[in-house]
Amino acid sequence: MVAYDMKEEKMILSHFKPKVPQPQTAADYIRTNLEVLAKDIHPMDQIELHKKTGEMVYATLADKAMLAHQLKESLSNTNTQLDLERMSSTAKDNRITTLEEIIMDLGHDPKDPKGINALMKKKEDDIAALKKQLRLPATIHPQTAEVAQEKQGEDMMDLIMRMNQRMIQME
């Protein structure tokens, strides 16, 4: 560390050497001072020294500012994650309550189609809500291609029928 004493016109260089392997406080360092009179130092060297000292201070401040920004972002991400966990926990509690109500209303008979249908509908609703929440693409059902072909065939037949009716009207 270097300091320039304007009153006495001397430069004081301080070197800090740690006394212990993991220094925690200022008392854990040994300080050695070296004093040099300003008249013995060339002005260009003084300017360069001030320039380097300013760069070191700026670099330290920039590092601390970057660390503060990273910590702020990390805290924001942690808060967001905590909010998502709270919502997930609330959703699970609501789902458990709803399932308990369905079982209480319809009974617990595995052969009862009403109960099975209600539970299946609740399961499908839950899956749809989760997909919407996660913004996952809809899964492709094995019969989707067949349904799409049938729909395309129906559309073609409708188009042909409309064109046929127009031709009849034009004649």
# chains A, B, ... in the order shown; residues from 1 in each chain; ligands from 1
>>> select_by_dssp(residues="stretch 12-118 of chain A", states="strand (DSSP E or B)", output="ChimeraX atom specification")
/A:12-18,29-37
>>> select_by_dssp(residues="stretch 7-125 of chain A", states="helix (DSSP H, G or I)", output="PyMOL selection string")
chain A and resi 26-28+38-40+43-106+113-125
>>> residues_around(residues="stretch 29-32 of chain A", least_positions_apart="3", cutoff="12 Å", atoms="only C-alpha atoms", output="PyMOL selection string")
chain A and resi 1-2+12-26+35
>>> atom_distance(atom1="atom CA of A:Pro113", atom2="atom CA of A:Lys92")
24.8 Å
>>> decode(residues="stretch 24-151 of chain A", atoms="C-alpha atoms", output="mmCIF file, in the first residue's frame")
data_model
loop_
_atom_site.group_PDB
_atom_site.id
_atom_site.type_symbol
_atom_site.label_atom_id
_atom_site.label_comp_id
_atom_site.auth_asym_id
_atom_site.auth_seq_id
_atom_site.Cartn_x
_atom_site.Cartn_y
_atom_site.Cartn_z
ATOM 1 C CA GLN A 24 -9.160 -12.296 9.885
ATOM 2 C CA THR A 25 -8.360 -8.885 11.399
ATOM 3 C CA ALA A 26 -5.764 -6.137 10.998
ATOM 4 C CA ALA A 27 -3.963 -7.474 14.097
ATOM 5 C CA ASP A 28 -3.170 -10.661 12.123
ATOM 6 C CA TYR A 29 -0.729 -8.718 9.890
ATOM 7 C CA ILE A 30 2.790 -7.338 10.390
ATOM 8 C CA ARG A 31 3.193 -3.883 8.834
ATOM 9 C CA THR A 32 6.518 -2.650 7.489
ATOM 10 C CA ASN A 33 6.810 1.019 6.459
ATOM 11 C CA LEU A 34 9.288 2.487 4.012
ATOM 12 C CA GLU A 35 9.459 6.279 3.742
ATOM 13 C CA VAL A 36 10.928 8.041 0.708
ATOM 14 C CA LEU A 37 11.199 11.812 0.302
ATOM 15 C CA ALA A 38 9.246 13.189 -2.647
ATOM 16 C CA LYS A 39 12.250 15.109 -3.956
ATOM 17 C CA ASP A 40 14.045 11.772 -4.419
ATOM 18 C CA ILE A 41 11.267 10.417 -6.667
ATOM 19 C CA HIS A 42 11.024 11.519 -10.283
ATOM 20 C CA PRO A 43 7.708 13.373 -11.052
ATOM 21 C CA MET A 44 6.845 10.917 -13.818
ATOM 22 C CA ASP A 45 7.184 8.045 -11.340
ATOM 23 C CA GLN A 46 4.916 9.910 -8.901
ATOM 24 C CA ILE A 47 2.307 10.362 -11.632
ATOM 25 C CA GLU A 48 2.564 6.694 -12.618
ATOM 26 C CA LEU A 49 2.232 5.663 -8.977
ATOM 27 C CA HIS A 50 -0.930 7.752 -8.528
ATOM 28 C CA LYS A 51 -2.297 6.331 -11.782
ATOM 29 C CA LYS A 52 -1.667 2.726 -10.690
ATOM 30 C CA THR A 53 -3.118 3.395 -7.229
ATOM 31 C CA GLY A 54 -6.273 4.862 -8.813
ATOM 32 C CA GLU A 55 -6.587 1.845 -11.115
ATOM 33 C CA MET A 56 -6.243 -0.523 -8.169
ATOM 34 C CA VAL A 57 -8.887 1.356 -6.179
ATOM 35 C CA TYR A 58 -11.216 1.405 -9.213
ATOM 36 C CA ALA A 59 -10.662 -2.322 -9.835
ATOM 37 C CA THR A 60 -11.439 -3.094 -6.194
ATOM 38 C CA LEU A 61 -14.614 -0.991 -6.319
ATOM 39 C CA ALA A 62 -15.650 -2.591 -9.603
ATOM 40 C CA ASP A 63 -15.121 -6.074 -8.141
ATOM 41 C CA LYS A 64 -17.206 -5.201 -5.074
ATOM 42 C CA ALA A 65 -19.955 -3.686 -7.243
ATOM 43 C CA MET A 66 -20.023 -6.803 -9.441
ATOM 44 C CA LEU A 67 -20.176 -9.043 -6.372
ATOM 45 C CA ALA A 68 -23.041 -6.951 -4.954
ATOM 46 C CA HIS A 69 -24.910 -7.219 -8.270
ATOM 47 C CA GLN A 70 -24.380 -10.993 -8.402
ATOM 48 C CA LEU A 71 -25.610 -11.349 -4.819
ATOM 49 C CA LYS A 72 -28.654 -9.223 -5.619
ATOM 50 C CA GLU A 73 -29.478 -11.403 -8.644
ATOM 51 C CA SER A 74 -28.917 -14.548 -6.599
ATOM 52 C CA LEU A 75 -31.252 -13.242 -3.895
ATOM 53 C CA SER A 76 -33.870 -12.390 -6.501
ATOM 54 C CA ASN A 77 -33.607 -15.886 -8.006
ATOM 55 C CA THR A 78 -33.839 -17.446 -4.553
ATOM 56 C CA ASN A 79 -36.965 -15.406 -3.762
ATOM 57 C CA THR A 80 -38.533 -16.463 -7.059
ATOM 58 C CA GLN A 81 -37.696 -20.108 -6.353
ATOM 59 C CA LEU A 82 -39.162 -19.784 -2.853
ATOM 60 C CA ASP A 83 -42.373 -18.299 -4.274
ATOM 61 C CA LEU A 84 -42.624 -21.173 -6.777
ATOM 62 C CA GLU A 85 -42.094 -23.689 -3.978
ATOM 63 C CA ARG A 86 -44.825 -22.010 -1.906
ATOM 64 C CA MET A 87 -47.245 -22.116 -4.851
ATOM 65 C CA SER A 88 -46.375 -25.752 -5.502
ATOM 66 C CA SER A 89 -46.942 -26.622 -1.858
ATOM 67 C CA THR A 90 -50.290 -24.800 -1.869
ATOM 68 C CA ALA A 91 -51.304 -26.603 -5.076
ATOM 69 C CA LYS A 92 -50.392 -29.953 -3.541
ATOM 70 C CA ASP A 93 -52.406 -29.148 -0.422
ATOM 71 C CA ASN A 94 -55.399 -28.136 -2.557
ATOM 72 C CA ARG A 95 -55.105 -31.302 -4.627
ATOM 73 C CA ILE A 96 -54.962 -33.490 -1.532
ATOM 74 C CA THR A 97 -58.022 -31.716 -0.100
ATOM 75 C CA THR A 98 -59.935 -32.141 -3.374
ATOM 76 C CA LEU A 99 -59.054 -35.829 -3.616
ATOM 77 C CA GLU A 100 -60.118 -36.352 -0.003
ATOM 78 C CA GLU A 101 -63.439 -34.658 -0.763
ATOM 79 C CA ILE A 102 -63.991 -36.851 -3.847
ATOM 80 C CA ILE A 103 -63.249 -39.996 -1.866
ATOM 81 C CA MET A 104 -65.528 -38.879 0.976
ATOM 82 C CA ASP A 105 -68.380 -37.978 -1.425
ATOM 83 C CA LEU A 106 -68.194 -41.049 -3.655
ATOM 84 C CA GLY A 107 -66.770 -43.591 -1.256
ATOM 85 C CA HIS A 108 -63.730 -45.769 -1.726
ATOM 86 C CA ASP A 109 -65.072 -48.532 -3.927
ATOM 87 C CA PRO A 110 -62.508 -49.393 -6.656
ATOM 88 C CA LYS A 111 -65.294 -50.809 -8.856
ATOM 89 C CA ASP A 112 -67.451 -47.671 -8.697
ATOM 90 C CA PRO A 113 -67.259 -45.946 -12.135
ATOM 91 C CA LYS A 114 -68.357 -42.565 -10.760
ATOM 92 C CA GLY A 115 -65.463 -42.427 -8.321
ATOM 93 C CA ILE A 116 -62.960 -43.641 -10.909
ATOM 94 C CA ASN A 117 -64.220 -41.121 -13.479
ATOM 95 C CA ALA A 118 -64.068 -38.264 -10.969
ATOM 96 C CA LEU A 119 -60.534 -39.194 -9.952
ATOM 97 C CA MET A 120 -59.447 -39.554 -13.615
ATOM 98 C CA LYS A 121 -60.963 -36.157 -14.473
ATOM 99 C CA LYS A 122 -59.167 -34.581 -11.500
ATOM 100 C CA LYS A 123 -55.908 -36.209 -12.596
ATOM 101 C CA GLU A 124 -56.327 -34.919 -16.171
ATOM 102 C CA ASP A 125 -57.129 -31.430 -14.875
ATOM 103 C CA ASP A 126 -54.024 -31.501 -12.683
ATOM 104 C CA ILE A 127 -51.832 -32.628 -15.580
ATOM 105 C CA ALA A 128 -53.273 -29.912 -17.836
ATOM 106 C CA ALA A 129 -52.634 -27.278 -15.145
ATOM 107 C CA LEU A 130 -49.059 -28.466 -14.678
ATOM 108 C CA LYS A 131 -48.413 -28.430 -18.437
ATOM 109 C CA LYS A 132 -49.805 -24.928 -18.649
ATOM 110 C CA GLN A 133 -47.696 -23.835 -15.692
ATOM 111 C CA LEU A 134 -44.536 -25.377 -17.148
ATOM 112 C CA ARG A 135 -45.484 -24.357 -20.702
ATOM 113 C CA LEU A 136 -44.797 -27.841 -22.025
ATOM 114 C CA PRO A 137 -46.074 -28.779 -25.448
ATOM 115 C CA ALA A 138 -49.087 -31.032 -25.476
ATOM 116 C CA THR A 139 -48.221 -34.693 -25.758
ATOM 117 C CA ILE A 140 -49.153 -36.387 -28.992
ATOM 118 C CA HIS A 141 -51.785 -39.048 -28.553
ATOM 119 C CA PRO A 142 -51.271 -42.179 -30.705
ATOM 120 C CA GLN A 143 -54.596 -41.560 -32.485
ATOM 121 C CA THR A 144 -53.800 -37.903 -33.251
ATOM 122 C CA ALA A 145 -52.595 -38.677 -36.797
ATOM 123 C CA GLU A 146 -55.765 -40.666 -37.549
ATOM 124 C CA VAL A 147 -57.993 -37.917 -36.150
ATOM 125 C CA ALA A 148 -56.111 -35.306 -38.189
ATOM 126 C CA GLN A 149 -56.552 -37.359 -41.381
ATOM 127 C CA GLU A 150 -60.263 -37.795 -40.693
ATOM 128 C CA LYS A 151 -60.642 -34.071 -40.074
#
